[in-house]
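Peer 1: What follows is a single structure, and I will ask about it in a moment.
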Protein chains: 2
Amino acid sequence: MESGGGVELTFLLGLGFQLVLGEFTRRLAEVGYADLRPVHGMAFQALKGRGATATELAERLGVTKQAAGQIVDDLERRGYVRREPHPEGGRRKLVVLTGAAREHLAVAGRILHELEAELAGSADIGALRRELARVVRALHGQDGLPPLRPVW
Amino acid sequence: MESGGGVELTFLLGLGFQLVLGEFTRRLAEVGYADLRPVHGMAFQALKGRGATATELAERLGVTKQAAGQIVDDLERRGYVRREPHPEGGRRKLVVLTGAAREHLAVAGRILHELEAELAGSADIGALRRELARVVRALHGQDGLPPLRPVW
DNA sequence: CGGGAGGGTCAAGCTGCTTTACTCACACAA
DNA sequence: TTGTGTGAGTAAAGCAGCTTGACCCTCCCG
């Protein structure tokens, strides 16, 4: 069943995601990041420019501001982010990455690209990207990308 | 960014799955199945032959037997499955589908194929299937398919 | 007839969220 | 000056969907 026929497309998509993400997190855990879930990496991505407020982070992650606050609490306790006074005042606080988080971003990026390169030995990754992007566009439109949330 | 470049492959996979599954469940909800989650559909698939024991169902779904038992409780209460005495005796009970569940399977299958046919207008679904199957095979091997679990 | 293996179930606990409700800092208008 | 609205943060409780742990049956086989 090289063609993938006989298995629902939706199932195949889920399985592909699950396996790739699983392999990614396994490798991250091997190099010492067993304490960070994928959502933490997403948070780092969302904060990596100039940082953001907890509410902005919530929007980018697609969760409530309370949930974002909890994630920030957790990451702060473990030294991955800091809360600084916000330059524009108010009650706002600017959540910024520490060096530890930036290092994680670098390692995670490297692992992702290694994994993709390895997969390129078995599949046509260019075609996969292209068709996935088309599907995403068909279902979501062209205006940006929605937050990636845990699936069911 | 028709090519999908600039976005991580893993992210794109997750987004694709999330959007397709979301559209699928939305359509199912529209025709009256708002009370059934994807895992229930997976359970129906796992039971659709001659049924199975709760423990077998647990293996096929990749959860503990207690969790499978809860799912069966829930589905039984709502009339989608029955517990019958198992032909081979013991403490075993055979969980079998009712007509309501078989009807759901038929409707869900129809919706999946409609959705896929629509997406075929925007993307090369054959290529997508093929490359996904290759990725799955590269990461999991050829021996069957692992259970699809909620992702992170 | 006495273990023990396999299957089912009860109960408690946990995680990662959500909902509800509140507090605080500022802006701006009366 | 007051006061009132708005946006950000936070505290507390609740909840879904699992897991872990413990136990109870039924049968088989020595």
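Naming scheme: A, B, ... for chains in displayed order of the structure tokens; residues 1 onward per chain; ligands 1 onward as shown.
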Could you list, as a PDB file with C-alpha atoms (C1' of nucleotides), in the first residue's frame, every residue of chain D that has an atom within 8 Å of an atom of chain A, counting only C-alpha atoms (C1' of nucleotides)?

Peer 2:
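What ended up in iface30.pdb:
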```pdb
ATOM      1  C1'  DA D   8      -4.150  43.670  31.256  1.00  0.00           C
ATOM      2  C1'  DG D   9      -3.132  40.516  34.902  1.00  0.00           C
ATOM      3  C1'  DT D  10      -4.422  37.087  38.390  1.00  0.00           C
TER       4       DT D  10
END
```

Peer 1: List the neighbours of Val96 in chain A out to 12 Å using only C-alpha atoms (C1' of nucleotides); skip same-chain residues closer than 3 positions along the sequence, and give me the result as a list of chain:residue names.

Peer 2: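 After dropping sequence-adjacent residues, the list is A:Ala43, A:Phe44, A:Gln45, A:Ala46, A:Leu47, A:Lys48, A:Gly49, A:Arg50, A:Gly51, A:Ala52, A:Thr53, A:Ala54, A:Leu57, A:Val72, A:Leu75, A:Glu76, A:Gly79, A:Tyr80, A:Val81, A:Arg82, A:Arg83, A:Glu84, A:Pro85, A:His86, A:Lys93, A:Gly99, A:Ala100, A:Ala101, A:Arg102.
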
Peer 1: Could you list, as an mmCIF file with N, CA and C atoms (P, O5', C5', C4', C3', O3' and C1' of nucleotides), in the first residue's frame, every residue of chain C that has an atom within 12 Å of an atom of chain B, counting only C-alpha atoms (C1' of nucleotides)?

Peer 2:
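Okay, this is what ended up in result_27.cif:
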```
data_model
loop_
_atom_site.group_PDB
_atom_site.id
_atom_site.type_symbol
_atom_site.label_atom_id
_atom_site.label_comp_id
_atom_site.auth_asym_id
_atom_site.auth_seq_id
_atom_site.Cartn_x
_atom_site.Cartn_y
_atom_site.Cartn_z
ATOM 1 P P DA C 5 0.583 -15.986 36.452
ATOM 2 O "O5'" DA C 5 -0.114 -15.752 35.044
ATOM 3 C "C5'" DA C 5 -0.631 -16.896 34.344
ATOM 4 C "C4'" DA C 5 -1.863 -16.505 33.549
ATOM 5 C "C3'" DA C 5 -1.834 -15.066 33.012
ATOM 6 O "O3'" DA C 5 -2.309 -15.105 31.678
ATOM 7 C "C1'" DA C 5 -3.800 -15.409 34.242
ATOM 8 P P DG C 6 -2.127 -13.852 30.728
ATOM 9 O "O5'" DG C 6 -3.629 -13.432 30.426
ATOM 10 C "C5'" DG C 6 -4.530 -14.412 29.920
ATOM 11 C "C4'" DG C 6 -5.935 -13.872 30.026
ATOM 12 C "C3'" DG C 6 -6.076 -12.420 29.538
ATOM 13 O "O3'" DG C 6 -7.229 -12.364 28.717
ATOM 14 C "C1'" DG C 6 -6.925 -12.622 31.727
ATOM 15 P P DG C 7 -7.535 -11.039 27.934
ATOM 16 O "O5'" DG C 7 -8.797 -10.470 28.717
ATOM 17 C "C5'" DG C 7 -10.017 -11.193 28.671
ATOM 18 C "C4'" DG C 7 -10.979 -10.550 29.620
ATOM 19 C "C3'" DG C 7 -11.197 -9.060 29.363
ATOM 20 O "O3'" DG C 7 -12.579 -8.832 29.098
ATOM 21 C "C1'" DG C 7 -10.762 -9.499 31.657
ATOM 22 P P DG C 8 -13.096 -7.393 28.902
ATOM 23 O "O5'" DG C 8 -13.592 -6.959 30.358
ATOM 24 C "C5'" DG C 8 -14.734 -7.621 30.898
ATOM 25 C "C4'" DG C 8 -15.041 -7.041 32.260
ATOM 26 C "C3'" DG C 8 -15.351 -5.540 32.242
ATOM 27 O "O3'" DG C 8 -16.645 -5.349 32.807
ATOM 28 C "C1'" DG C 8 -13.728 -6.058 33.907
ATOM 29 P P DT C 9 -17.277 -3.901 32.815
ATOM 30 O "O5'" DT C 9 -16.827 -3.324 34.249
ATOM 31 C "C5'" DT C 9 -17.126 -4.080 35.413
ATOM 32 C "C4'" DT C 9 -16.591 -3.355 36.642
ATOM 33 C "C3'" DT C 9 -16.809 -1.834 36.628
ATOM 34 O "O3'" DT C 9 -17.231 -1.459 37.925
ATOM 35 C "C1'" DT C 9 -14.587 -2.300 37.093
ATOM 36 P P DC C 10 -18.114 -0.165 38.130
ATOM 37 O "O5'" DC C 10 -17.604 0.324 39.560
ATOM 38 C "C5'" DC C 10 -17.264 -0.657 40.543
ATOM 39 C "C4'" DC C 10 -16.272 -0.062 41.527
ATOM 40 C "C3'" DC C 10 -16.472 1.442 41.764
ATOM 41 O "O3'" DC C 10 -16.397 1.671 43.155
ATOM 42 C "C1'" DC C 10 -14.231 1.008 41.121
ATOM 43 P P DA C 11 -16.795 3.092 43.758
ATOM 44 O "O5'" DA C 11 -15.350 3.750 43.952
ATOM 45 C "C5'" DA C 11 -14.345 2.988 44.576
ATOM 46 C "C4'" DA C 11 -13.060 3.804 44.650
ATOM 47 C "C3'" DA C 11 -13.296 5.312 44.765
ATOM 48 O "O3'" DA C 11 -12.426 5.786 45.768
ATOM 49 C "C1'" DA C 11 -11.841 4.869 42.972
ATOM 50 P P DT C 15 0.341 16.341 37.245
ATOM 51 O "O5'" DT C 15 0.276 16.633 35.675
ATOM 52 C "C5'" DT C 15 -0.254 15.663 34.803
ATOM 53 C "C4'" DT C 15 -0.959 16.348 33.658
ATOM 54 C "C3'" DT C 15 -0.549 17.807 33.438
ATOM 55 O "O3'" DT C 15 -0.363 17.958 32.057
ATOM 56 C "C1'" DT C 15 -2.898 17.652 33.661
ATOM 57 P P DG C 16 0.531 19.209 31.511
ATOM 58 O "O5'" DG C 16 -0.554 20.056 30.705
ATOM 59 C "C5'" DG C 16 -1.371 19.362 29.762
ATOM 60 C "C4'" DG C 16 -2.616 20.179 29.535
ATOM 61 C "C3'" DG C 16 -2.352 21.689 29.423
ATOM 62 O "O3'" DG C 16 -3.121 22.193 28.351
ATOM 63 C "C1'" DG C 16 -3.985 21.285 31.011
#
```

Peer 1: Which residue, B:Gly14, B:Gly6, B:His104, B:Arg137, has the smallest gap to chain A when you use only C-alpha atoms?

Peer 2: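 Of the candidates, the smallest distance to chain A is held by B:Gly14.
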
Peer 1: Using only C-alpha atoms, which residues of chain A come within 8 Å of chain B, and what is the closest atom pair for each, with the distance in Å to one decimal? Give it as CSV, sorted by chain and residue number.

Peer 2:
```
residue,atom,partner,partner_atom,distance
A:Glu2,CA,B:Ala133,CA,6.5
A:Ser3,CA,B:Arg130,CA,4.8
A:Gly4,CA,B:Ala133,CA,5.2
A:Gly5,CA,B:Arg129,CA,7.5
A:Glu8,CA,B:Leu112,CA,7.8
A:Leu9,CA,B:Arg129,CA,6.6
A:Thr10,CA,B:Leu21,CA,6.5
A:Phe11,CA,B:Leu148,CA,7.5
A:Leu12,CA,B:Leu132,CA,6.6
A:Leu13,CA,B:Phe17,CA,5.3
A:Gly14,CA,B:Phe17,CA,5.5
A:Leu15,CA,B:Leu148,CA,6.0
A:Gly16,CA,B:Val136,CA,5.5
A:Phe17,CA,B:Leu13,CA,5.3
A:Gln18,CA,B:Val151,CA,6.1
A:Leu19,CA,B:Leu139,CA,6.5
A:Val20,CA,B:Thr10,CA,6.6
A:Leu21,CA,B:Thr10,CA,6.5
A:Glu23,CA,B:Leu139,CA,7.9
A:Arg37,CA,B:Trp152,CA,7.6
A:Pro38,CA,B:Trp152,CA,7.0
A:Leu112,CA,B:Glu8,CA,7.8
A:Glu116,CA,B:Leu9,CA,7.5
A:Leu119,CA,B:Val135,CA,6.6
A:Ser122,CA,B:Arg134,CA,6.2
A:Ala123,CA,B:Glu131,CA,5.5
A:Asp124,CA,B:Glu131,CA,6.3
A:Ile125,CA,B:Glu131,CA,7.5
A:Gly126,CA,B:Ser3,CA,7.8
A:Ala127,CA,B:Ala127,CA,7.3
A:Leu128,CA,B:Leu128,CA,5.9
A:Arg129,CA,B:Gly4,CA,5.5
A:Arg130,CA,B:Ser3,CA,4.8
A:Glu131,CA,B:Ala123,CA,5.5
A:Leu132,CA,B:Gly16,CA,6.2
A:Ala133,CA,B:Gly4,CA,5.1
A:Arg134,CA,B:Ala123,CA,5.6
A:Val135,CA,B:Ala123,CA,6.2
A:Val136,CA,B:Gly16,CA,5.5
A:Ala138,CA,B:Ser122,CA,6.4
A:Leu139,CA,B:Leu19,CA,6.5
A:His140,CA,B:Leu19,CA,7.5
A:Pro146,CA,B:Leu15,CA,8.0
A:Leu148,CA,B:Leu15,CA,6.0
A:Arg149,CA,B:Gln18,CA,7.7
A:Pro150,CA,B:Val151,CA,5.7
A:Val151,CA,B:Val151,CA,5.6
A:Trp152,CA,B:Pro150,CA,5.8
```

Peer 1: Rounded to one decimal, what separation in Å do you get between CA of Arg27 in chain B and CA of Ile111 in chain B?

Peer 2: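 Value for the CA of Arg27 in chain B-CA of Ile111 in chain B distance: 7.4 Å.
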
Peer 1: Using DSSP assignments from the backbone, pull out every residue in chain A that falls under alpha helix (DSSP H) and give it to me as a PyMOL selection string.

Peer 2: chain A and resi 9-28+38-47+54-61+65-77+99-119+125-140

Peer 1: Can you work out which one of D:DT1, D:DA12, D:DG17, D:DT6 has the shortest atom-to-atom distance to Thr64 in chain B, counting only C-alpha atoms (C1' of nucleotides)?

Peer 2: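 Among D:DT1, D:DA12, D:DG17, D:DT6, it is D:DG17 that comes nearest to Thr64 in chain B.
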